[in-house]
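Just entry35.cif here, mmCIF, C-alpha atoms and all ligand atoms:
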data_data
loop_
_atom_site.label_atom_id
_atom_site.label_comp_id
_atom_site.auth_asym_id
_atom_site.auth_seq_id
_atom_site.Cartn_x
_atom_site.Cartn_y
_atom_site.Cartn_z
CA MET Q 1148 -21.62 10.27 -12.45
CA ILE Q 1149 -22.80 8.07 -15.31
CA ASP Q 1150 -26.03 7.23 -13.49
CA GLY Q 1151 -26.55 10.75 -12.13
CA ASP Q 1152 -26.53 9.33 -8.62
CA PHE Q 1153 -25.46 12.42 -6.68
CA THR Q 1154 -25.65 13.08 -2.93
CA PRO Q 1155 -25.19 16.52 -1.39
CA LEU Q 1156 -22.57 16.53 1.38
CA GLU Q 1157 -22.41 19.03 4.20
CA LEU Q 1158 -19.60 19.67 6.64
CA HIS Q 1159 -21.35 17.73 9.40
CA ASP Q 1160 -21.51 14.61 7.17
CA LEU Q 1161 -17.83 14.22 7.99
CA GLN Q 1162 -18.80 13.27 11.53
CA VAL Q 1163 -20.40 10.02 10.41
CA MET Q 1164 -17.70 9.05 7.95
CA VAL Q 1165 -14.37 10.44 9.17
CA HIS Q 1166 -13.66 7.26 11.14
CA ARG Q 1167 -14.70 4.80 8.43
CA GLY Q 1168 -12.67 2.91 5.84
CA GLY Q 1169 -13.72 2.10 2.26
CA THR Q 1170 -15.69 4.66 0.30
CA ILE Q 1171 -19.26 5.85 0.61
CA LEU Q 1172 -19.07 6.64 -3.12
CA LYS Q 1173 -19.20 2.93 -3.99
CA THR Q 1174 -16.93 3.54 -6.94
CA ALA Q 1175 -14.75 0.78 -8.40
CA ARG Q 1176 -12.95 0.44 -11.72
CA SER Q 1177 -15.89 1.37 -13.96
CA GLN Q 1178 -15.89 -0.45 -17.29
CA ARG Q 1179 -18.50 1.98 -18.65
CA PHE Q 1180 -16.25 4.97 -18.01
CA ARG Q 1181 -13.61 3.33 -20.22
CA GLN Q 1182 -15.95 3.85 -23.19
CA LEU Q 1183 -16.39 7.30 -24.77
CA GLU Q 1184 -20.15 6.82 -24.51
CA GLY Q 1185 -19.88 6.34 -20.75
CA ARG Q 1186 -17.73 9.46 -20.34
CA GLN Q 1187 -20.10 11.53 -22.47
CA GLY Q 1188 -23.00 10.30 -20.32
CA ALA Q 1189 -21.09 11.30 -17.19
CA LEU Q 1190 -20.46 14.80 -18.57
CA SER Q 1191 -24.15 15.25 -19.44
CA MET Q 1192 -25.10 14.23 -15.90
CA LEU Q 1193 -22.65 16.72 -14.36
CA LYS Q 1194 -24.15 19.49 -16.50
CA GLU Q 1195 -27.76 18.49 -15.87
CA ASN Q 1196 -27.10 18.63 -12.14
CA ASN Q 1197 -25.30 22.01 -12.31
CA ILE Q 1198 -22.08 20.56 -10.95
CA ASP Q 1199 -19.36 23.12 -11.46
CA ALA Q 1200 -16.28 21.12 -10.52
CA LEU Q 1201 -15.25 17.48 -10.27
CA ILE Q 1202 -12.93 16.26 -7.50
CA ALA Q 1203 -11.92 12.64 -7.99
CA ILE Q 1204 -10.14 10.36 -5.54
CA GLY Q 1205 -8.22 7.27 -6.62
CA GLY Q 1206 -5.10 5.56 -7.86
CA ASP Q 1207 -3.49 5.30 -11.28
CA GLY Q 1208 -6.69 3.95 -12.88
CA THR Q 1209 -8.58 7.02 -11.70
CA PHE Q 1210 -5.89 9.38 -13.01
CA ASN Q 1211 -5.73 7.64 -16.40
CA GLY Q 1212 -9.50 8.01 -16.55
CA LEU Q 1213 -9.35 11.69 -15.58
CA LEU Q 1214 -6.73 12.42 -18.21
CA VAL Q 1215 -8.98 11.00 -20.92
CA PHE Q 1216 -12.09 12.60 -19.42
CA SER Q 1217 -10.38 16.02 -19.36
CA GLU Q 1218 -10.24 15.89 -23.18
CA ILE Q 1219 -14.02 16.22 -23.38
CA CYS Q 1220 -14.88 17.79 -20.03
CA ASP Q 1221 -15.10 21.60 -19.88
CA ILE Q 1222 -15.82 21.51 -16.14
CA PRO Q 1223 -12.70 21.89 -13.95
CA ILE Q 1224 -11.37 18.59 -12.63
CA VAL Q 1225 -8.87 18.06 -9.82
CA GLY Q 1226 -7.76 14.82 -8.23
CA ILE Q 1227 -6.69 13.44 -4.86
CA PRO Q 1228 -4.37 10.42 -4.62
CA GLY Q 1229 -6.11 7.53 -2.87
CA THR Q 1230 -4.65 4.04 -2.95
CA ILE Q 1231 -3.17 1.79 -0.29
CA ASP Q 1232 -0.34 0.99 -2.72
CA ASN Q 1233 1.34 4.43 -2.35
CA ASP Q 1234 2.53 4.19 -5.92
CA LEU Q 1235 1.71 7.52 -7.55
CA THR Q 1236 4.19 10.20 -8.52
CA GLY Q 1237 3.23 13.68 -7.27
CA SER Q 1238 2.59 12.73 -3.64
CA ASP Q 1239 4.88 11.19 -1.04
CA PHE Q 1240 1.84 9.49 0.49
CA THR Q 1241 -1.50 8.40 -0.91
CA LEU Q 1242 -4.69 8.13 1.14
CA GLY Q 1243 -5.13 4.74 2.74
CA PHE Q 1244 -1.49 3.67 2.69
CA ASP Q 1245 -0.73 4.57 6.31
CA SER Q 1246 -3.88 2.84 7.58
CA ALA Q 1247 -3.12 -0.28 5.53
CA VAL Q 1248 0.43 -0.40 6.89
CA ASN Q 1249 -0.83 -0.04 10.46
CA THR Q 1250 -3.26 -2.92 9.91
CA ALA Q 1251 -0.50 -5.04 8.40
CA ILE Q 1252 1.81 -4.28 11.35
CA GLU Q 1253 -0.84 -5.12 13.91
CA ASN Q 1254 -1.47 -8.47 12.24
CA ILE Q 1255 2.17 -9.35 11.69
CA ASP Q 1256 2.84 -8.67 15.40
CA LYS Q 1257 0.03 -11.09 16.25
CA ILE Q 1258 1.36 -13.74 13.90
CA ARG Q 1259 4.80 -13.32 15.48
CA ASP Q 1260 3.36 -14.59 18.77
CA THR Q 1261 2.61 -17.98 17.21
CA ALA Q 1262 5.87 -17.96 15.28
CA GLU Q 1263 7.86 -17.29 18.47
CA SER Q 1264 5.87 -19.82 20.50
CA HIS Q 1265 6.44 -22.71 18.11
CA ASN Q 1266 9.65 -21.68 16.32
CA ARG Q 1267 7.91 -21.49 13.00
CA VAL Q 1268 8.65 -19.84 9.71
CA PHE Q 1269 5.80 -17.62 8.56
CA ILE Q 1270 5.42 -16.15 5.11
CA ILE Q 1271 3.06 -13.20 5.38
CA GLU Q 1272 1.76 -11.77 2.13
CA VAL Q 1273 0.75 -8.13 2.19
CA MET Q 1274 -1.02 -6.13 -0.52
CA GLY Q 1275 0.57 -4.00 -3.20
CA ARG Q 1276 -0.30 -5.09 -6.70
CA ASP Q 1277 2.90 -3.72 -8.25
CA SER Q 1278 4.37 -1.81 -5.35
CA GLY Q 1279 6.49 -2.86 -2.40
CA TYR Q 1280 5.60 0.06 -0.12
CA ILE Q 1281 3.27 -1.83 2.24
CA GLY Q 1282 5.77 -4.70 2.23
CA ILE Q 1283 8.82 -2.62 3.08
CA TYR Q 1284 7.10 -0.45 5.71
CA SER Q 1285 5.35 -3.32 7.47
CA GLY Q 1286 8.38 -5.60 7.19
CA LEU Q 1287 10.81 -3.05 8.62
CA ALA Q 1288 8.40 -1.92 11.34
CA THR Q 1289 7.93 -5.51 12.56
CA ALA Q 1290 11.62 -6.40 12.28
CA ALA Q 1291 10.85 -9.16 9.78
CA ASP Q 1292 13.75 -11.48 8.98
CA SER Q 1293 13.21 -11.10 5.27
CA ILE Q 1294 11.25 -8.63 3.15
CA LEU Q 1295 10.55 -9.47 -0.48
CA ILE Q 1296 9.27 -6.68 -2.69
CA PRO Q 1297 9.00 -6.37 -6.47
CA GLU Q 1298 11.62 -3.61 -6.54
CA ASN Q 1299 14.46 -5.71 -5.14
CA GLU Q 1300 15.68 -9.03 -6.51
CA LYS Q 1301 18.61 -9.55 -4.13
CA ASP Q 1302 16.37 -10.20 -1.10
CA PHE Q 1303 15.33 -13.62 -2.33
CA VAL Q 1304 18.93 -14.79 -2.72
CA GLN Q 1305 19.69 -13.54 0.81
CA LEU Q 1306 16.58 -15.26 2.18
CA ILE Q 1307 17.53 -18.61 0.67
CA SER Q 1308 21.06 -18.31 2.02
CA ASN Q 1309 19.74 -17.45 5.51
CA ILE Q 1310 17.10 -20.13 5.54
CA LYS Q 1311 19.70 -22.82 4.80
CA ASN Q 1312 21.27 -22.06 8.19
CA TYR Q 1313 18.00 -21.79 10.04
CA ASN Q 1314 17.70 -24.59 12.57
CA SER Q 1315 14.22 -24.02 14.02
CA GLU Q 1316 15.44 -22.39 17.21
CA ASP Q 1317 13.44 -19.26 16.70
CA ALA Q 1318 10.68 -17.57 14.75
CA PHE Q 1319 11.44 -16.52 11.19
CA ILE Q 1320 9.15 -13.97 9.58
CA VAL Q 1321 9.15 -13.36 5.85
CA VAL Q 1322 7.03 -10.45 4.59
CA VAL Q 1323 6.22 -10.75 0.88
CA SER Q 1324 4.54 -8.13 -1.27
CA GLU Q 1325 1.68 -9.41 -3.36
CA GLY Q 1326 3.43 -7.86 -6.38
CA GLU Q 1327 6.64 -9.85 -5.87
CA GLU Q 1328 7.06 -11.67 -9.19
CA LEU Q 1329 8.24 -14.98 -7.76
CA GLY Q 1330 4.94 -15.41 -5.95
CA THR Q 1331 4.30 -16.51 -2.38
CA GLU Q 1332 3.75 -20.21 -3.21
CA PHE Q 1333 7.00 -20.44 -5.14
CA ILE Q 1334 8.92 -18.76 -2.32
CA ALA Q 1335 7.41 -21.22 0.17
CA SER Q 1336 8.32 -24.20 -2.02
CA LYS Q 1337 11.93 -22.98 -2.36
CA ILE Q 1338 12.22 -22.55 1.41
CA LYS Q 1339 10.99 -26.11 1.93
CA GLU Q 1340 13.34 -27.35 -0.77
CA VAL Q 1341 16.50 -25.92 0.83
CA ASN Q 1342 15.45 -26.73 4.40
CA PRO Q 1343 12.80 -29.51 4.45
CA LYS Q 1344 12.60 -29.70 8.26
CA ILE Q 1345 11.08 -26.24 8.50
CA ASP Q 1346 7.60 -25.85 10.01
CA LEU Q 1347 6.20 -23.26 7.62
CA ARG Q 1348 2.87 -21.46 7.39
CA ILE Q 1349 1.58 -18.94 4.86
CA THR Q 1350 -0.80 -16.12 5.83
CA ARG Q 1351 -2.29 -13.75 3.27
CA LEU Q 1352 -3.51 -10.63 5.02
CA GLY Q 1353 -5.66 -9.68 2.02
CA HIS Q 1354 -8.53 -7.23 2.25
CA VAL Q 1355 -8.27 -6.54 5.98
CA GLN Q 1356 -5.68 -4.02 4.77
CA ARG Q 1357 -8.29 -2.09 2.81
CA GLY Q 1358 -10.74 -1.51 5.62
CA GLY Q 1359 -11.09 -0.41 9.21
CA ASN Q 1360 -10.68 2.91 10.94
CA PRO Q 1361 -8.30 5.23 9.13
CA SER Q 1362 -5.13 6.20 10.98
CA ALA Q 1363 -4.63 9.73 12.32
CA PHE Q 1364 -2.22 10.39 9.46
CA ASP Q 1365 -4.75 9.36 6.81
CA ARG Q 1366 -7.54 11.39 8.40
CA MET Q 1367 -5.36 14.48 8.40
CA LEU Q 1368 -4.14 13.78 4.87
CA GLY Q 1369 -7.75 13.48 3.69
CA ILE Q 1370 -8.69 16.74 5.37
CA ARG Q 1371 -5.63 18.57 4.03
CA LEU Q 1372 -6.01 17.31 0.46
CA GLY Q 1373 -9.79 17.75 0.47
CA VAL Q 1374 -9.55 21.40 1.47
CA ALA Q 1375 -6.62 21.93 -0.91
CA ALA Q 1376 -8.67 20.44 -3.76
CA VAL Q 1377 -11.56 22.83 -3.18
CA ASN Q 1378 -9.17 25.79 -2.88
CA SER Q 1379 -7.45 24.70 -6.07
CA VAL Q 1380 -10.76 24.73 -7.97
CA LEU Q 1381 -11.65 28.13 -6.49
CA ALA Q 1382 -8.24 29.44 -7.61
CA GLY Q 1383 -9.07 28.41 -11.18
CA GLU Q 1384 -6.76 25.40 -11.38
CA LYS Q 1385 -7.80 22.32 -13.34
CA ASN Q 1386 -6.48 18.94 -14.43
CA VAL Q 1387 -4.09 18.67 -11.49
CA MET Q 1388 -3.63 16.22 -8.66
CA LEU Q 1389 -3.21 17.66 -5.17
CA GLY Q 1390 -0.58 15.86 -3.16
CA LEU Q 1391 1.96 16.14 -0.40
CA LEU Q 1392 5.62 16.55 -1.31
CA ASN Q 1393 8.07 17.09 1.57
CA ASN Q 1394 5.02 17.71 3.79
CA GLN Q 1395 3.99 20.67 1.62
CA LEU Q 1396 0.85 20.77 -0.50
CA SER Q 1397 1.66 20.48 -4.17
CA SER Q 1398 -0.21 20.17 -7.42
CA THR Q 1399 0.87 17.99 -10.34
CA PRO Q 1400 -0.70 18.06 -13.81
CA PHE Q 1401 -2.57 14.85 -14.68
CA GLN Q 1402 -0.16 13.99 -17.49
CA HIS Q 1403 2.70 13.81 -14.95
CA VAL Q 1404 0.80 11.65 -12.49
CA ILE Q 1405 2.02 8.17 -13.24
CA LYS Q 1406 2.28 4.90 -11.43
CA SER Q 1407 5.67 4.73 -9.81
CA HIS Q 1408 7.13 1.27 -9.48
CA HIS Q 1409 9.95 2.12 -7.12
CA VAL Q 1410 10.17 2.49 -3.40
CA ASN Q 1411 12.54 5.39 -2.86
CA ASN Q 1412 16.32 5.05 -2.46
CA GLU Q 1413 16.34 5.66 1.26
CA MET Q 1414 13.89 2.77 1.74
CA GLN Q 1415 15.93 0.52 -0.56
CA LYS Q 1416 19.04 1.21 1.53
CA LEU Q 1417 17.21 0.41 4.77
CA LEU Q 1418 16.03 -2.82 3.22
CA GLU Q 1419 19.54 -3.77 2.18
CA LEU Q 1420 20.91 -2.90 5.63
CA PHE Q 1421 18.40 -5.03 7.49
CA SER Q 1422 18.12 -7.98 5.11
CA SER Q 1423 21.89 -8.52 5.00
CA GLN Q 1424 21.84 -9.75 8.62
CA GLU Q 1425 22.96 -13.36 8.91
CA VAL Q 1426 20.50 -15.61 10.69
CA GLN Q 1427 23.22 -17.23 12.84
CA LYS Q 1428 24.25 -13.87 14.25
CA LYS Q 1429 20.67 -13.18 15.25
CA GLU Q 1430 20.38 -16.45 17.13
CA LEU Q 1431 23.62 -15.87 19.02
CA THR Q 1432 22.55 -12.38 20.02
CA LYS Q 1433 19.19 -13.62 21.23
CA LYS Q 1434 20.69 -16.50 23.20
CA GLY Q 1435 23.19 -14.11 24.77
CA LYS Q 1436 20.34 -11.83 25.74
CA TYR Q 1437 18.34 -14.56 27.45
CA GLU Q 1438 21.38 -15.76 29.36
CA THR Q 1439 22.15 -12.26 30.64
CA ASN Q 1440 18.52 -11.81 31.68
CA ARG Q 1441 18.53 -15.00 33.72
O1 LIG G 1501 -4.59 -1.19 -5.94
C1 LIG G 1501 -4.92 -1.32 -4.61
C2 LIG G 1501 -5.11 -2.76 -4.25
O2 LIG G 1501 -5.50 -2.85 -2.92
C3 LIG G 1501 -3.91 -3.67 -4.50
O3 LIG G 1501 -2.94 -3.59 -3.49
C4 LIG G 1501 -4.57 -5.00 -4.59
O4 LIG G 1501 -3.82 -5.87 -5.39
C5 LIG G 1501 -5.85 -4.69 -5.26
O5 LIG G 1501 -6.15 -3.33 -5.00
C6 LIG G 1501 -7.00 -5.54 -4.79
O6 LIG G 1501 -8.07 -5.31 -5.62
P1 LIG G 1501 -9.44 -6.11 -5.51
O7 LIG G 1501 -10.11 -5.62 -4.27
O8 LIG G 1501 -10.16 -5.75 -6.74
O9 LIG G 1501 -9.08 -7.56 -5.39
#

Please go through the file and, once you have read it, give me the structure as structure tokens.
Amino acid sequence: MIDGDFTPLELHDLQVMVHRGGTILKTARSQRFRQLEGRQGALSMLKENNIDALIAIGGDGTFNGLLVFSEICDIPIVGIPGTIDNDLTGSDFTLGFDSAVNTAIENIDKIRDTAESHNRVFIIEVMGRDSGYIGIYSGLATAADSILIPENEKDFVQLISNIKNYNSEDAFIVVVSEGEELGTEFIASKIKEVNPKIDLRITRLGHVQRGGNPSAFDRMLGIRLGVAAVNSVLAGEKNVMLGLLNNQLSSTPFQHVIKSHHVNNEMQKLLELFSSQEVQKKELTKKGKYETNR
């Protein structure tokens, strides 16, 4: 917007981008937009190019920017939640989250093969700057032995207690959110401290989670929210974020769109249920299973 670098998009343009990750917009945390001068420049460009509505896609940074921009912008603005962190109020899911989780799951499954083959402990760090959503979803969906997320402090205590009893007879997968305050290195050092015999590896999945083909869910979410955003502008709405609440389209005023730091209660309970398993019980069950199979 600031540079007046606009590209017309037609319906058929979707065919070359619907299966791609990232953004063709090439937008990223603009420092210039943080300054009033930058925002005024953006508004002039919108007007010069006869743009009659602005639809923005992004996470909390984008929505903070939109809130400030709406103070000077007399053109209707609506927003669409897009962040792999899934940490915005006003939508149960944000664009990119489901695809990122699927990538994380695929990679954790692959890492499990090595972990199972050599009876290793793996700490796998997944993204989520302040949010544990990718961590909890990917950890539960891969049956990780321990899931550490910023929203739950008890998991670490449970992990340390379990790891004391771990005697290298099996794989042990720890999924850690990037936003976990203790930090992956510290967690690894504590594991080694309480059980020095452990063969431990750390894998950071990193930016593979932000790219690749979007999942079916994300494609449909993009289509639903995109159409809803246009309809919302046509209906005269402005300064709202379109989202999905209980699988229904919803619109939330910008001032109520905030970064949410909590995975929901149901998820927290699942986490507690699964992470309270004792490691010894798991080994017995597995041994019993192999013996029956033989
Ligand atoms: O906010 C989304 C996010 O993917 C976080 O999960 C992650 O910490 C961050 O962005 C990575 O940002 P960058 O690509 O600038 O390193």

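Interatomic distance, atom CA of Lys1311 of chain Q to atom CA of Ser1278 of chain Q: 27.9 Å.
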
- Enumerate residues in contact with ligand LIG 1501 (chain G): an atom-to-atom distance of at most 7 Å, counting only C-alpha atoms and all ligand atoms. Format the result as a PyMOL selection string. chain Q and resi 1230-1232+1274-1276+1325+1354+1357

Give me a file of those residues, with C-alpha atoms, as a PDB file, in the coordinates of the input.
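Output (again_22.pdb):
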ATOM      1  CA  THR Q1230      -4.650   4.040  -2.950  1.00  0.00           C
ATOM      2  CA  ILE Q1231      -3.170   1.790  -0.290  1.00  0.00           C
ATOM      3  CA  ASP Q1232      -0.340   0.990  -2.720  1.00  0.00           C
ATOM      4  CA  MET Q1274      -1.020  -6.130  -0.520  1.00  0.00           C
ATOM      5  CA  GLY Q1275       0.570  -4.000  -3.200  1.00  0.00           C
ATOM      6  CA  ARG Q1276      -0.300  -5.090  -6.700  1.00  0.00           C
ATOM      7  CA  GLU Q1325       1.680  -9.410  -3.360  1.00  0.00           C
ATOM      8  CA  HIS Q1354      -8.530  -7.230   2.250  1.00  0.00           C
ATOM      9  CA  ARG Q1357      -8.290  -2.090   2.810  1.00  0.00           C
TER      10      ARG Q1357
END

- Item | Surrounding residues of Ile1224 of chain Q excluding itself and chain neighbours under 5 positions, 6 Å, all atoms listed in the file, as an MDAnalysis selection string | chainID Q and resid 1200:1202 1385:1386

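Considering all atoms listed in the file, the residue among Q:Asn1254, Q:Ser1379, Q:Asn1266, Q:Gln1395 positioned nearest to Asn1314 of chain Q is Q:Asn1266.
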
- Message: Need to verify the contact set: Cys1220 of chain Q, 9 Å, only C-alpha atoms, exclusion of same-chain residues closer than 4 positions in sequence. Can you return it as number ranges by chain?
- Response: Q: 1186-1187, 1190, 1216, 1224

- Item | Nearby residues (all atoms listed in the file) at most 10 Å from Asp1150 of chain Q, same-chain spacing under 4 positions excluded, as number ranges by chain | Q: 1185, 1188-1189, 1192

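Picture a line from atom CA of Lys1339 of chain Q to atom CA of Arg1351 of chain Q; it runs 18.2 Å.
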
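Here the question is which of Q:Gln1356, Q:Ser1191, Q:Thr1331, Q:Asn1196 gets nearest to Ala1251 of chain Q using only C-alpha atoms, and that residue is Q:Gln1356.
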
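The residue that comes closest to Gly1206 of chain Q, out of Q:Asp1234, Q:Glu1298, Q:Glu1328, Q:Asp1292 and on the basis of all atoms listed in the file, is Q:Asp1234.
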
May I have a table of the residues of segment 1233-1329 of chain Q lying at most 12 Å from segment 1152-1171 of chain Q, giving each one's closest pair of atoms and their distance in Å to one decimal, counting only C-alpha atoms, ordered by chain and ascending residue number, as CSV?
residue,atom,partner,partner_atom,distance
Q:Leu1242,CA,Q:Gly1168,CA,10.6
Q:Gly1243,CA,Q:Gly1168,CA,8.4
Q:Phe1244,CA,Q:Gly1168,CA,11.6
Q:Ser1246,CA,Q:Gly1168,CA,9.0
Q:Ala1247,CA,Q:Gly1168,CA,10.1
Q:Thr1250,CA,Q:Gly1168,CA,11.8

- Message: Please determine, counting only C-alpha atoms, which residue among Q:Leu1213, Q:Ile1296, Q:Leu1287, Q:Ile1345 has the shortest atom-to-atom distance to Tyr1313 of chain Q.
- Response: Q:Ile1345

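If you measure from each of Q:Ile1283, Q:Val1380, Q:Ile1307, Q:Met1414 to Asn1342 of chain Q using all atoms listed in the file, the closest one turns out to be Q:Ile1307.
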
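With all atoms listed in the file as the atoms that count, the minimum distance from Met1148 of chain Q to the choices Q:Leu1329, Q:Ile1198, Q:Asn1211, Q:Leu1183 is reached by Q:Ile1198.
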
- Correct to one decimal, the distance atom CA of Ile1149 of chain Q-atom CA of Lys1194 of chain Q is 11.6 Å

- Item | Contacts of segment 1419-1422 of chain Q within 12 Å, all atoms listed in the file, excl. fewer than 6 positions in-chain, as a ChimeraX atom specification | /Q:1283,1286-1296,1298-1309,1320-1322,1412-1413,1429

How would the residues just picked look written out with C-alpha atoms as a compact mmCIF listing (two decimals), in the frame of the given file?
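Saved as selection.txt:
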# COMPACT_ATOMS: atom_id res chain seq x y z
CA ILE Q 1283 8.82 -2.62 3.08
CA GLY Q 1286 8.38 -5.60 7.19
CA LEU Q 1287 10.81 -3.05 8.62
CA ALA Q 1288 8.40 -1.92 11.34
CA THR Q 1289 7.93 -5.51 12.56
CA ALA Q 1290 11.62 -6.40 12.28
CA ALA Q 1291 10.85 -9.16 9.78
CA ASP Q 1292 13.75 -11.48 8.98
CA SER Q 1293 13.21 -11.10 5.27
CA ILE Q 1294 11.25 -8.63 3.15
CA LEU Q 1295 10.55 -9.47 -0.48
CA ILE Q 1296 9.27 -6.68 -2.69
CA GLU Q 1298 11.62 -3.61 -6.54
CA ASN Q 1299 14.46 -5.71 -5.14
CA GLU Q 1300 15.68 -9.03 -6.51
CA LYS Q 1301 18.61 -9.55 -4.13
CA ASP Q 1302 16.37 -10.20 -1.10
CA PHE Q 1303 15.33 -13.62 -2.33
CA VAL Q 1304 18.93 -14.79 -2.72
CA GLN Q 1305 19.69 -13.54 0.81
CA LEU Q 1306 16.58 -15.26 2.18
CA ILE Q 1307 17.53 -18.61 0.67
CA SER Q 1308 21.06 -18.31 2.02
CA ASN Q 1309 19.74 -17.45 5.51
CA ILE Q 1320 9.15 -13.97 9.58
CA VAL Q 1321 9.15 -13.36 5.85
CA VAL Q 1322 7.03 -10.45 4.59
CA ASN Q 1412 16.32 5.05 -2.46
CA GLU Q 1413 16.34 5.66 1.26
CA LYS Q 1429 20.67 -13.18 15.25

- Within 12 Å of (-0.9, 7.0, -0.4), in the coordinates the file gives, what residues turn up when you count only C-alpha atoms, written out as a PyMOL selection string? chain Q and resi 1204-1207+1227-1248+1275+1278+1280-1281+1364-1366+1368-1369+1372+1389-1392+1406-1407
